[in-house]
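Engineer: After the structure tokens below, expect a handful of questions from me.
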Amino acid sequence: MRPIRLLVVDDSAFMRLAIRKMVAGDGEIEVVGEARNGVAAVNMVRQLKPDVITMDVEMPDLDGVGATRAIMRERPTPVIMLSSLTQQGAQTTVDALTAGAVDFISKSSSFVQLDIVQIDRELREKIKYWGRHPMLPSTRKALADAAPQTVGGRRAGIAPKKVDMVVVGVSTGGPKMFPTLLKACGRLGCPMVVAQHMPPLYTASFAQHLQHDTGLDVREGVDGMALAEGSVTIIPGGRDGLIGHGIGGRKVFNTRTVTEATIHPNADVLFESVLRVCETPLAVLLTGMGSDGTVGARKFAERGLPVVVQTPGSCVVGGMPQSAIDAGAASHVLSLEDIGARLKDWTNR
């Protein structure tokens with residue numbers, strides 16, 4: 001098996017050298033080029049055709065966001081962003097993920113020795129994953145070609161009762177694809193709560209981006225927040241979200257960290273909590289790596305409640321939807337646009 005061809009893009013000579021040294025002893029990765037800015041990176045992608053790109057966020061001439069956007073238009077290639085652990089770094093990283101970057105690694109602004117040890121391991125793992133999982137030639141085309149499906153013997157034309165809460169599990173590829181879903185469904189006739197796998201800092205920027213992009217009432221959740229009809233609540237990064245009973249029959253949002261969960265925010269935790277307080281909730285699983293959400297989806301299915309998953313072939317990574325399908329928990333397998341249309345219909349009856 002040939003090595004994964006890596007292009008390193010960073011305006012810091014120190015960082016380019018550090019990344020090169022991190023992967024130098026790994027026979028599965030070969031650095032085929034280094035670029036000091038986004039313009040050079042776009043040109044090198046044309047010439048070298050790398051399998052994976054590591055991309056700095058802040059660079060002269062053309063920054064990481066602009067370079068990622070240009071690469072995705074011309075030759076879609078997995079881009080892993082290196083971002084600083086600051087609020088501004090989080091905002092820029094969300095912009096890059098929305099532009100098409102598939103993943104990111106956070107580093108402190110000083111890039112101390114502790115960072116190097118952690119990033120070394122994380123970087124090599126992510127380069128190997130994305131090097132062995134090429135991107136679809138065109139996510140837009142995949143979405144357009146994705147045909148609605150049903151599973152488990154249920155017909156897609158048969159709608160459930162009016163949905164009183166929508167809960168969503170999403171991971172890798174979410175910042176790029178989730179806005180498409182929100183634009184397709186518009187303002188829902190019930191609250192929506194979203195478990196997007198992200199660390200702290202990033203979810204606030206993600207919520208702000210979604211609100212600006214869609215015009216909907218999107219915000220990062222806080223303890224005790226009332227969940228209003230039409231609202232979209234993003235669970236804070238690194239925490240888990242739970243739905244509870246509030247005054248006058250309203251539902252409220254709370255957070256805690258469930259130690260048994262392996263990733264936070266956790267979709268299974270969210271799904272199981274909504275089943276305890278809502279009568280007719282609906283679960284959605286979108287693009288993402290792994291199987292988070294499948295345990296909760298099974299419990300939805302046991303109660304005869306709908307579990308709508310994104311067509312795996314239209315995902316950046318189809319692991320989470322496919323896991324629910326394989327478990328027999330998915331009631332509908334649809335494109336993002338069709339999921340949005342169904343949610344609009346089922347929550348506004």
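Chains: A, B, ... in order of the structure tokens. Residues: from 1 per chain. Ligands: from 1, in order shown.
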Would you pick out the contacts of Gly340 in chain A at 10 Å or less, using only C-alpha atoms, so that residues sharing its chain but fewer than 5 positions from it are not included, and give the list as a ChimeraX atom specification?
Structural biologist: /A:180-186,188,334-335,345-346
Engineer: Determine, counting only C-alpha atoms, which protein, DNA and RNA residues have an atom within 7 Å of an atom of range 159-170 of chain A; residues of the same chain fewer than 3 positions away are not included. Present the result as an MDAnalysis selection string.
Structural biologist: chainID A and resid 174 190:197 267 271 278 280:288 293 346:347 349
Engineer: Please produce an output containing C-alpha atoms for each residue in the selection, written as a compact mmCIF listing (two decimals), in the first residue's frame.
Structural biologist:
```txt
# COMPACT_ATOMS: atom_id res chain seq x y z
CA GLY A 174 -21.88 18.83 10.50
CA CYS A 190 -41.45 22.66 18.01
CA PRO A 191 -37.97 23.06 19.57
CA MET A 192 -34.87 21.40 18.11
CA VAL A 193 -31.85 20.39 20.23
CA VAL A 194 -28.58 19.44 18.54
CA ALA A 195 -25.68 17.29 19.78
CA GLN A 196 -22.83 18.34 17.47
CA HIS A 197 -19.58 16.66 18.48
CA ALA A 267 -26.38 11.97 20.98
CA PHE A 271 -32.04 10.93 22.73
CA CYS A 278 -41.77 14.17 25.45
CA THR A 280 -43.89 12.39 20.23
CA PRO A 281 -40.22 13.31 19.73
CA LEU A 282 -38.33 12.64 16.52
CA ALA A 283 -34.64 11.70 16.27
CA VAL A 284 -32.34 12.69 13.42
CA LEU A 285 -28.86 11.29 12.72
CA LEU A 286 -26.64 13.10 10.26
CA THR A 287 -23.10 12.85 8.93
CA GLY A 288 -20.57 11.60 11.46
CA GLY A 293 -26.93 7.85 18.56
CA TRP A 346 -44.41 16.89 10.76
CA THR A 347 -43.87 19.73 13.26
CA ARG A 349 -49.55 20.17 11.69
```
Engineer: Which residues are near range 209-221 of chain A? Cut-off 7 Å, only C-alpha atoms, ignore same chain within fewer than 2 positions. Put them as a PyMOL selection string.
Structural biologist: chain A and resi 179+182-183+187+203-207+223+225+231-236+253
Engineer: Taking the DSSP secondary structure from the backbone, can you list the residues of range 40-264 of chain A that are helix (DSSP H, G or I), as a VMD selection string?
Structural biologist: chain A and resid 40 to 48 64 to 74 87 to 99 113 to 132 139 to 145 174 to 185 202 to 214 247 to 249
Engineer: Can those selected residues be exported to a file as a PDB file, in the first residue's frame so that it contains C-alpha atoms?
Structural biologist:
```
ATOM      1  CA  ALA A  40       0.747  28.448  -2.950  1.00  0.00           C
ATOM      2  CA  ALA A  41      -1.401  25.704  -1.408  1.00  0.00           C
ATOM      3  CA  VAL A  42      -4.029  25.888  -4.167  1.00  0.00           C
ATOM      4  CA  ASN A  43      -1.320  25.710  -6.829  1.00  0.00           C
ATOM      5  CA  MET A  44       0.401  22.755  -5.135  1.00  0.00           C
ATOM      6  CA  VAL A  45      -2.878  20.844  -4.895  1.00  0.00           C
ATOM      7  CA  ARG A  46      -3.178  21.116  -8.683  1.00  0.00           C
ATOM      8  CA  GLN A  47       0.390  19.917  -9.223  1.00  0.00           C
ATOM      9  CA  LEU A  48       0.925  17.359  -6.448  1.00  0.00           C
ATOM     10  CA  GLY A  64      -6.880  28.902   5.421  1.00  0.00           C
ATOM     11  CA  VAL A  65     -10.605  29.491   4.984  1.00  0.00           C
ATOM     12  CA  GLY A  66     -10.195  30.992   1.514  1.00  0.00           C
ATOM     13  CA  ALA A  67      -7.729  28.308   0.479  1.00  0.00           C
ATOM     14  CA  THR A  68     -10.050  25.537   1.687  1.00  0.00           C
ATOM     15  CA  ARG A  69     -12.957  27.036  -0.227  1.00  0.00           C
ATOM     16  CA  ALA A  70     -10.866  27.224  -3.430  1.00  0.00           C
ATOM     17  CA  ILE A  71      -9.588  23.653  -3.039  1.00  0.00           C
ATOM     18  CA  MET A  72     -13.102  22.295  -2.504  1.00  0.00           C
ATOM     19  CA  ARG A  73     -14.296  23.985  -5.682  1.00  0.00           C
ATOM     20  CA  GLU A  74     -11.416  22.725  -7.797  1.00  0.00           C
ATOM     21  CA  GLN A  87     -12.519  32.445  20.645  1.00  0.00           C
ATOM     22  CA  GLN A  88     -11.283  33.975  17.399  1.00  0.00           C
ATOM     23  CA  GLY A  89      -9.563  30.714  16.490  1.00  0.00           C
ATOM     24  CA  ALA A  90     -12.810  28.836  17.145  1.00  0.00           C
ATOM     25  CA  GLN A  91     -14.809  31.206  14.938  1.00  0.00           C
ATOM     26  CA  THR A  92     -12.326  30.906  12.088  1.00  0.00           C
ATOM     27  CA  THR A  93     -12.247  27.126  12.431  1.00  0.00           C
ATOM     28  CA  VAL A  94     -16.043  26.936  12.170  1.00  0.00           C
ATOM     29  CA  ASP A  95     -15.799  29.112   9.029  1.00  0.00           C
ATOM     30  CA  ALA A  96     -13.245  26.661   7.619  1.00  0.00           C
ATOM     31  CA  LEU A  97     -15.386  23.620   8.452  1.00  0.00           C
ATOM     32  CA  THR A  98     -18.318  25.304   6.757  1.00  0.00           C
ATOM     33  CA  ALA A  99     -16.098  25.949   3.738  1.00  0.00           C
ATOM     34  CA  GLN A 113       5.766  20.960  24.517  1.00  0.00           C
ATOM     35  CA  LEU A 114       2.542  19.436  25.874  1.00  0.00           C
ATOM     36  CA  ASP A 115       0.793  20.478  22.670  1.00  0.00           C
ATOM     37  CA  ILE A 116       3.427  18.790  20.539  1.00  0.00           C
ATOM     38  CA  VAL A 117       3.005  15.445  22.343  1.00  0.00           C
ATOM     39  CA  GLN A 118      -0.777  15.462  21.996  1.00  0.00           C
ATOM     40  CA  ILE A 119      -0.900  16.860  18.461  1.00  0.00           C
ATOM     41  CA  ASP A 120       1.677  14.316  17.269  1.00  0.00           C
ATOM     42  CA  ARG A 121      -0.637  11.394  18.064  1.00  0.00           C
ATOM     43  CA  GLU A 122      -3.884  13.110  17.042  1.00  0.00           C
ATOM     44  CA  LEU A 123      -2.471  14.452  13.789  1.00  0.00           C
ATOM     45  CA  ARG A 124      -1.122  11.124  12.571  1.00  0.00           C
ATOM     46  CA  GLU A 125      -4.396   9.350  13.421  1.00  0.00           C
ATOM     47  CA  LYS A 126      -6.446  11.897  11.508  1.00  0.00           C
ATOM     48  CA  ILE A 127      -4.115  11.977   8.505  1.00  0.00           C
ATOM     49  CA  LYS A 128      -4.339   8.185   8.271  1.00  0.00           C
ATOM     50  CA  TYR A 129      -8.113   8.155   8.580  1.00  0.00           C
ATOM     51  CA  TRP A 130      -8.704  10.776   5.909  1.00  0.00           C
ATOM     52  CA  GLY A 131      -5.978   9.379   3.681  1.00  0.00           C
ATOM     53  CA  ARG A 132      -7.836   6.063   3.584  1.00  0.00           C
ATOM     54  CA  THR A 139     -20.918  16.570  -1.973  1.00  0.00           C
ATOM     55  CA  ARG A 140     -23.448  18.711  -3.812  1.00  0.00           C
ATOM     56  CA  LYS A 141     -23.892  16.040  -6.521  1.00  0.00           C
ATOM     57  CA  ALA A 142     -24.145  13.290  -3.907  1.00  0.00           C
ATOM     58  CA  LEU A 143     -26.932  15.160  -2.167  1.00  0.00           C
ATOM     59  CA  ALA A 144     -28.766  15.769  -5.423  1.00  0.00           C
ATOM     60  CA  ASP A 145     -28.506  12.117  -6.421  1.00  0.00           C
ATOM     61  CA  GLY A 174     -21.877  18.828  10.498  1.00  0.00           C
ATOM     62  CA  PRO A 175     -20.726  22.461  10.182  1.00  0.00           C
ATOM     63  CA  LYS A 176     -20.786  22.106   6.395  1.00  0.00           C
ATOM     64  CA  MET A 177     -24.050  20.194   6.044  1.00  0.00           C
ATOM     65  CA  PHE A 178     -26.251  21.220   8.972  1.00  0.00           C
ATOM     66  CA  PRO A 179     -27.033  24.686   7.542  1.00  0.00           C
ATOM     67  CA  THR A 180     -28.539  22.949   4.500  1.00  0.00           C
ATOM     68  CA  LEU A 181     -30.944  21.070   6.759  1.00  0.00           C
ATOM     69  CA  LEU A 182     -31.972  24.199   8.684  1.00  0.00           C
ATOM     70  CA  LYS A 183     -32.618  26.157   5.489  1.00  0.00           C
ATOM     71  CA  ALA A 184     -34.723  23.285   4.151  1.00  0.00           C
ATOM     72  CA  CYS A 185     -36.921  23.014   7.244  1.00  0.00           C
ATOM     73  CA  TYR A 202     -16.423  26.000  19.200  1.00  0.00           C
ATOM     74  CA  THR A 203     -20.156  25.476  19.731  1.00  0.00           C
ATOM     75  CA  ALA A 204     -20.811  29.145  20.577  1.00  0.00           C
ATOM     76  CA  SER A 205     -19.209  30.164  17.281  1.00  0.00           C
ATOM     77  CA  PHE A 206     -21.103  27.408  15.478  1.00  0.00           C
ATOM     78  CA  ALA A 207     -24.429  28.652  16.884  1.00  0.00           C
ATOM     79  CA  GLN A 208     -23.637  32.248  15.887  1.00  0.00           C
ATOM     80  CA  HIS A 209     -22.720  31.123  12.388  1.00  0.00           C
ATOM     81  CA  LEU A 210     -25.978  29.177  12.004  1.00  0.00           C
ATOM     82  CA  GLN A 211     -28.082  32.078  13.252  1.00  0.00           C
ATOM     83  CA  HIS A 212     -26.419  34.463  10.808  1.00  0.00           C
ATOM     84  CA  ASP A 213     -26.612  32.003   7.907  1.00  0.00           C
ATOM     85  CA  THR A 214     -30.221  30.878   8.380  1.00  0.00           C
ATOM     86  CA  ILE A 247     -43.073  25.471  34.505  1.00  0.00           C
ATOM     87  CA  GLY A 248     -46.422  25.319  32.745  1.00  0.00           C
ATOM     88  CA  GLY A 249     -45.605  22.178  30.822  1.00  0.00           C
TER      89      GLY A 249
END
```
Engineer: Tell me which of A:Glu58, A:Pro76, A:Leu17, A:Ile4 sits closest to Val32 in chain A, counting only C-alpha atoms.
Structural biologist: A:Ile4
Engineer: I'd like the interatomic distance between CA of Val57 in chain A and CA of Ala24 in chain A, to a tenth of an Å.
Structural biologist: 22.9 Å
Engineer: Report, in Å with one decimal, the straight-line distance from CA of Arg5 in chain A to CA of Gly173 in chain A.
Structural biologist: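 CA of Arg5 in chain A sits 21.9 Å away from CA of Gly173 in chain A.
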